[in-house]
Structure formats: structure tokens, C-alpha cells
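Student: Sharing a structure with you now.
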Amino acid sequence: MNAEQISNRPVALVTGASRGLGRALARALAADGWQLVITSRGGAELATAEAELAELTTVVALAGSIVDDDHRARLASAAAALGGARLLVNNAGTLNGADAAGADGSCEPLPRLADFPLPELLETFEVNVLAPIALTQLVLPQLRAHTGDVLNISSDAAAVAYEGWGGYGASKAALDLASAVLAVEEPELRVWAVDPGSMRTRMLQEASPGEDISGEPLPEEVAPALLALVRDRAASGRYRASELLADRVGPAGAVTAGPDPAGPAAAPAAEAPGHAFAEAPVGSVPLAASSARRGDR
């Protein structure tokens with residue numbers, strides 16, 4: 001592939017890309033012809049992901065925290081150097097702020113709101129809400145130039161009251177609303193908030209110590225739902241990955257979406273979306289109390 005062909009390939013910036021859903025989606029995007037800028041706090045895991053993805057596409061990997069102003073600026077600059085981001089995936093997140101804040105481990109994985117240490121609660125909102133908004137602000141000029149897309153990873157804990165998930169769920173609910181407002185303010189872009197559902201990830205295991213999560217789907221089984229949104233440029237809105245996958249399964253149970261022979265840059269745009277997230281094809285789930293556990297990345 002020559003330099004001109006590479007420069008014409010779209011660019012995606014993916015946070016939290018060293019493992020779990022972020023890494024699975026980055027791999028799916030790479031296979032679909034995207035150049036990548038990836039980041040995570042864990043340098044060793046990120047280097048492993050970079051080596052894997054470099055076999056498929058051009059990839060720039062920058063380790064660091066998305067709450068760091070300088071790191072976010074480096075990410076935006078790296079995307080601009082590749083030609084400008086057409087897709088921003090805000091996937092990085094924290095369950096309770098303790099890991100991101102470097103706490104001593106005394107914080108429970110899912111503390112009740114009455115017991116949630118305020119420094120860790122603040123860090124939860126900084127990682128899950130403020131940092132994605134701040135990174136979006138930096139990358140918006142690139143996204144506007146490419147009529148691009150923003151994909152924010154949400155959770156059903158943002159819409160359903162699960163005991164112990166108050167801090168995480170509240171932060172994801174805030175991100176959902178920010179996504180909806182951004183869709184109103186930037187109508188030329190597509191803005192999606194996606195609940196990926198429970199997955200067999202480190203985060204879910206940390207949220208459910210001692211529980212058997214082997215029956216949950218792998219992130220690689222969920223990533224095709226997100227890739228379908230990107231390929232189709234579906235209307236801005238809040239989606240459930242499980243319903244997106246169900247819509248794309250044929251009679252034999254195989255996912256119907258295959259690689260786009262025209263490449264991602266040539267995919268036709270969908271009709272202009274409505275601005276209310278509740279009007280999206282799948283919609284959000286109603287608020288209801290439950291004691292079931294949920295998890296994402």
C-alpha cells in the first residue's frame with residue numbers, strides 16, 4: 001500500500017484500548033481499514049496491543065491518563081498527524097475511581113453511595129465524564145472536518161438502579177446526557193452512547209469478585225455491534241449492543257455484516273438523525289430498581 005492510499009484511510013482515536021472492549025473494537029476497526037491512535041494507562045498492555053494492531057494498520061500508541069491535559073493534547077495531535085480523526089471512541093473508564101487515583105485498595109469494588117469515598121467518587125466522574133468531554137472538545141475540529149462520529153461507551157447502570165453501582169452509574173448517566181446534548185449541538189456528526197452489556201472482562205470480574213463470569217460474552221463478540229454503527233452511520237442515539245447484534249443475525253445465526261469492499265471511508269451516510277436520544281431506533285431502558293450485577297469493559 002503506497003503513502004497516498006494510507007493517507008486516505010480514516011483515522012479513529014480509541015481510549016482504553018489495551019484490553020477488553022477497547023482492544024476488541026480497535027482490532028475490528030483496523031481490520032476494516034482504519035488507522036488508529038490508541039491509548040491506555042497501562043504501558044505494557046498497550047505495547048502488546050500496538051504490536052498486534054501494527055500487523056493490520058498504521059497505529060500510534062500513547063500511554064497515559066485521559067484526565068491529564070497534556071496527554072489529551074498529544075492524542076489529538078497524533079490523530080491530526082495521521083490526517084485527522086473521523087471517529088472518537090471514549091471507552092476508557094473506571095469502576096470506582098480507586099484504580100485511576102492510585103488508592104490503597106481500601107475502597108470496595110462497588111461501594112454504596114453512603115460509603116463512597118469522595119476522592120474516589122470525584123475521580124470516577126473525572127475519568128468517566130469530564131475526560132471524555134475534554135477530549136471531544138479537542139478533537140471536534142477534526143471530526144467536523146471529516147463529518148465524523150463520537151462513540152461513547154455507556155452502561156445499563158446509567159439507566160437502571162443497581163445496588164452498589166451508584167457512582168459508576170451516575171457518571172455514565174452524565175455521559176449519556178452529554179452525548180445527547182452533543183448530538184443536538186453538532187447535528188452534522190453522529191453521536192452514539194452504547195450500552196455493551198455484561199462482558200467477560202477484567203472490569204466485570206473486579207466488580208464481581210469470586211463470581212463465575214465465564215458465561216458472559218467476550219468483548220470480541222460485542223465489537224461487531226459497534227462496528228456496525230460506524231459503518232452504517234446510524235442515527236445519533238443511545239443503543240444496546242445486544243439489540244444491535246440481534247438485528248444483524250441471519251436465519252442461520254451468523255452476523256450478516258461483513259467487510260465493506262468499498263472501505264469505511266466510502267460507506268454511505270444515513271439520513272440526518274433526530275436529536276432526542278429517546279427517538280433512536282433502540283432507545284434507552286427505563287429506570288427501575290434491581291439487585292442484578294452489571295458490567296462493561
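In the C-alpha cells, the first chain shown is A, the next is B, and so on; residue numbers restart at 1 for each chain, and ligands run from 1 in the order shown.
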Among segment 32-154 of chain A, which ones does DSSP place in helix (DSSP H, G or I), written as a PyMOL selection string?
Tutor: chain A and resi 43-53+69-81+98-101+113-115+118-145
Student: Please provide as a PyMOL selection string all residues within 6 Å of segment 52-62 of chain A, with the sequence filter that same-chain residues fewer than 6 positions apart are discarded (counting only C-alpha atoms).
Tutor: chain A and resi 30+35-39
Student: Generate the output file for the selected residues, N, CA and C atoms, as a PDB file, in the first residue's frame.
Tutor:
```pdb
ATOM      1  N   ALA A  30      -9.248  -1.791  12.754  1.00  0.00           N
ATOM      2  CA  ALA A  30      -8.029  -1.993  11.970  1.00  0.00           C
ATOM      3  C   ALA A  30      -8.287  -2.933  10.801  1.00  0.00           C
ATOM      4  N   GLN A  35      -6.927   3.669  10.265  1.00  0.00           N
ATOM      5  CA  GLN A  35      -5.717   3.977  11.005  1.00  0.00           C
ATOM      6  C   GLN A  35      -6.124   4.271  12.450  1.00  0.00           C
ATOM      7  N   LEU A  36      -5.204   4.045  13.380  1.00  0.00           N
ATOM      8  CA  LEU A  36      -5.570   4.132  14.793  1.00  0.00           C
ATOM      9  C   LEU A  36      -4.606   4.984  15.603  1.00  0.00           C
ATOM     10  N   VAL A  37      -5.176   5.718  16.536  1.00  0.00           N
ATOM     11  CA  VAL A  37      -4.446   6.276  17.672  1.00  0.00           C
ATOM     12  C   VAL A  37      -5.071   5.632  18.895  1.00  0.00           C
ATOM     13  N   ILE A  38      -4.275   4.915  19.683  1.00  0.00           N
ATOM     14  CA  ILE A  38      -4.812   4.195  20.833  1.00  0.00           C
ATOM     15  C   ILE A  38      -4.102   4.642  22.101  1.00  0.00           C
ATOM     16  N   THR A  39      -4.811   4.521  23.209  1.00  0.00           N
ATOM     17  CA  THR A  39      -4.225   4.915  24.481  1.00  0.00           C
ATOM     18  C   THR A  39      -4.803   4.097  25.619  1.00  0.00           C
TER      19      THR A  39
END
```
Student: Which is closest to Arg190 of chain A among A:Arg112, A:Lys172, A:Arg240, A:Arg86, if we use only C-alpha atoms?
Tutor: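 Result for the nearest residue to Arg190 of chain A: A:Arg86.
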Student: Excluding segment 70-82 of chain A and its own-chain neighbours fewer than 2 positions away, which residues fall within 12 Å of it when counting only C-alpha atoms? Please give them as a PyMOL selection string.
Tutor: chain A and resi 3-4+6-15+34-41+57-68+84-88+90+130-143+145-146
Student: Dump C-alpha atoms for the selected residues as a PDB file, in the first residue's frame?
Tutor:
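Resulting contents of again-v5.pdb:
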```
ATOM      1  CA  ALA A   3       1.612   6.574   1.064  1.00  0.00           C
ATOM      2  CA  GLU A   4      -1.384   8.123  -0.719  1.00  0.00           C
ATOM      3  CA  ILE A   6      -2.560   5.138   3.635  1.00  0.00           C
ATOM      4  CA  SER A   7      -3.280   8.861   3.951  1.00  0.00           C
ATOM      5  CA  ASN A   8      -6.779   8.323   2.548  1.00  0.00           C
ATOM      6  CA  ARG A   9      -7.681   5.770   5.226  1.00  0.00           C
ATOM      7  CA  PRO A  10      -9.866   7.173   8.016  1.00  0.00           C
ATOM      8  CA  VAL A  11      -8.479   7.716  11.496  1.00  0.00           C
ATOM      9  CA  ALA A  12     -10.008   6.515  14.761  1.00  0.00           C
ATOM     10  CA  LEU A  13      -8.896   7.585  18.236  1.00  0.00           C
ATOM     11  CA  VAL A  14      -9.733   4.886  20.798  1.00  0.00           C
ATOM     12  CA  THR A  15      -9.218   5.269  24.547  1.00  0.00           C
ATOM     13  CA  TRP A  34      -8.928   2.365   9.812  1.00  0.00           C
ATOM     14  CA  GLN A  35      -5.717   3.977  11.005  1.00  0.00           C
ATOM     15  CA  LEU A  36      -5.570   4.132  14.793  1.00  0.00           C
ATOM     16  CA  VAL A  37      -4.446   6.276  17.672  1.00  0.00           C
ATOM     17  CA  ILE A  38      -4.812   4.195  20.833  1.00  0.00           C
ATOM     18  CA  THR A  39      -4.225   4.915  24.481  1.00  0.00           C
ATOM     19  CA  SER A  40      -4.472   3.447  27.967  1.00  0.00           C
ATOM     20  CA  ARG A  41      -2.765   3.910  31.305  1.00  0.00           C
ATOM     21  CA  THR A  57      -2.822  -0.964  10.023  1.00  0.00           C
ATOM     22  CA  THR A  58      -0.952   2.203  10.905  1.00  0.00           C
ATOM     23  CA  VAL A  59      -1.154   2.635  14.670  1.00  0.00           C
ATOM     24  CA  VAL A  60       0.137   5.227  17.127  1.00  0.00           C
ATOM     25  CA  ALA A  61       0.066   4.120  20.770  1.00  0.00           C
ATOM     26  CA  LEU A  62       0.445   6.682  23.550  1.00  0.00           C
ATOM     27  CA  ALA A  63       0.326   5.548  27.171  1.00  0.00           C
ATOM     28  CA  GLY A  64      -1.118   7.930  29.719  1.00  0.00           C
ATOM     29  CA  SER A  65      -4.171   9.015  31.651  1.00  0.00           C
ATOM     30  CA  ILE A  66      -7.038  10.716  29.852  1.00  0.00           C
ATOM     31  CA  VAL A  67      -7.536  13.008  32.839  1.00  0.00           C
ATOM     32  CA  ASP A  68      -4.148  14.557  32.036  1.00  0.00           C
ATOM     33  CA  GLY A  84      -7.456  13.980  11.345  1.00  0.00           C
ATOM     34  CA  ALA A  85      -9.840  11.830  13.364  1.00  0.00           C
ATOM     35  CA  ARG A  86     -13.106  10.721  11.782  1.00  0.00           C
ATOM     36  CA  LEU A  87     -14.060   8.656  14.811  1.00  0.00           C
ATOM     37  CA  LEU A  88     -13.539   9.217  18.528  1.00  0.00           C
ATOM     38  CA  ASN A  90     -14.454   7.267  24.510  1.00  0.00           C
ATOM     39  CA  LEU A 130     -15.036  15.101  32.288  1.00  0.00           C
ATOM     40  CA  ALA A 131     -12.134  13.498  30.422  1.00  0.00           C
ATOM     41  CA  PRO A 132     -14.313  12.234  27.531  1.00  0.00           C
ATOM     42  CA  ILE A 133     -15.892  15.677  27.198  1.00  0.00           C
ATOM     43  CA  ALA A 134     -12.480  17.363  27.308  1.00  0.00           C
ATOM     44  CA  LEU A 135     -11.036  15.015  24.690  1.00  0.00           C
ATOM     45  CA  THR A 136     -14.099  15.522  22.499  1.00  0.00           C
ATOM     46  CA  GLN A 137     -13.564  19.283  22.684  1.00  0.00           C
ATOM     47  CA  LEU A 138     -10.008  18.885  21.430  1.00  0.00           C
ATOM     48  CA  VAL A 139     -10.898  16.515  18.603  1.00  0.00           C
ATOM     49  CA  LEU A 140     -14.102  18.262  17.458  1.00  0.00           C
ATOM     50  CA  PRO A 141     -12.374  20.392  14.772  1.00  0.00           C
ATOM     51  CA  GLN A 142     -11.060  17.196  13.165  1.00  0.00           C
ATOM     52  CA  LEU A 143     -14.408  15.433  13.448  1.00  0.00           C
ATOM     53  CA  ALA A 145     -13.762  18.471   9.004  1.00  0.00           C
ATOM     54  CA  HIS A 146     -14.467  14.792   8.280  1.00  0.00           C
TER      55      HIS A 146
END
```
Student: Quick one, how far is atom CA of Leu226 of chain A from atom CA of Glu126 of chain A?
Tutor: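 Computing it gives 24.3 Å between the two atoms.
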Student: Counting only C-alpha atoms, which of A:Leu122, A:Ala31, A:Leu113, A:Ala47 gets nearest to Arg19 of chain A?
Tutor: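 When distances to Arg19 of chain A are compared using only C-alpha atoms, the smallest one comes from A:Ala47.
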Student: Using atom CA of Ala28 of chain A and atom CA of Ala234 of chain A as the two end points, give the distance in Å to one decimal.
Tutor: 17.7 Å
Student: For each of A:Ala173, A:Leu189, A:Ala235, A:Ala228, take the minimum atom-to-atom distance to Asp156 of chain A, counting only C-alpha atoms, then give the residue where this is smallest.
Tutor: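 Between A:Ala173, A:Leu189, A:Ala235, A:Ala228, the residue approaching Asp156 of chain A most closely is A:Ala173.
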Student: Give me, as a list in words, all polymer residues having an atom no more than 9 Å from Trp165 of chain A, counting only C-alpha atoms and skipping those fewer than 2 positions away in the same chain.
Tutor: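 In the requested form, the answer reads Leu95, Asn96, Leu110, Pro111, Arg112, Leu113, Ala157, Ala158, Ala161, Tyr162, Glu163, Gly167, Tyr168, Gly169, Ala170, Arg293 and Arg294 of chain A.
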Student: Write out as number ranges by chain the set of residues from segment 16-170 of chain A that DSSP, computed on the backbone, places in strand (DSSP E).
Tutor: A: 35-40, 59-63, 85-90, 149-153, 161-162
Student: Tell me, in Å to one decimal, how far atom CA of Gly20 of chain A is from atom CA of Ser236 of chain A.
Tutor: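 Separating atom CA of Gly20 of chain A from atom CA of Ser236 of chain A is a distance of 24.2 Å.
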Student: For Leu218 of chain A, which of A:Pro117, A:Arg233, A:Pro196, A:Leu151 is the closest residue, counting only C-alpha atoms?
Tutor: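 Among A:Pro117, A:Arg233, A:Pro196, A:Leu151, it is A:Pro196 that comes nearest to Leu218 of chain A.
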Student: So which one's closest to Glu185 of chain A, A:Ala51, A:Arg144, A:Ala114, A:Ser18? Using only C-alpha atoms, please.
Tutor: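 The shortest atom-to-atom distance to Glu185 of chain A comes from A:Arg144.
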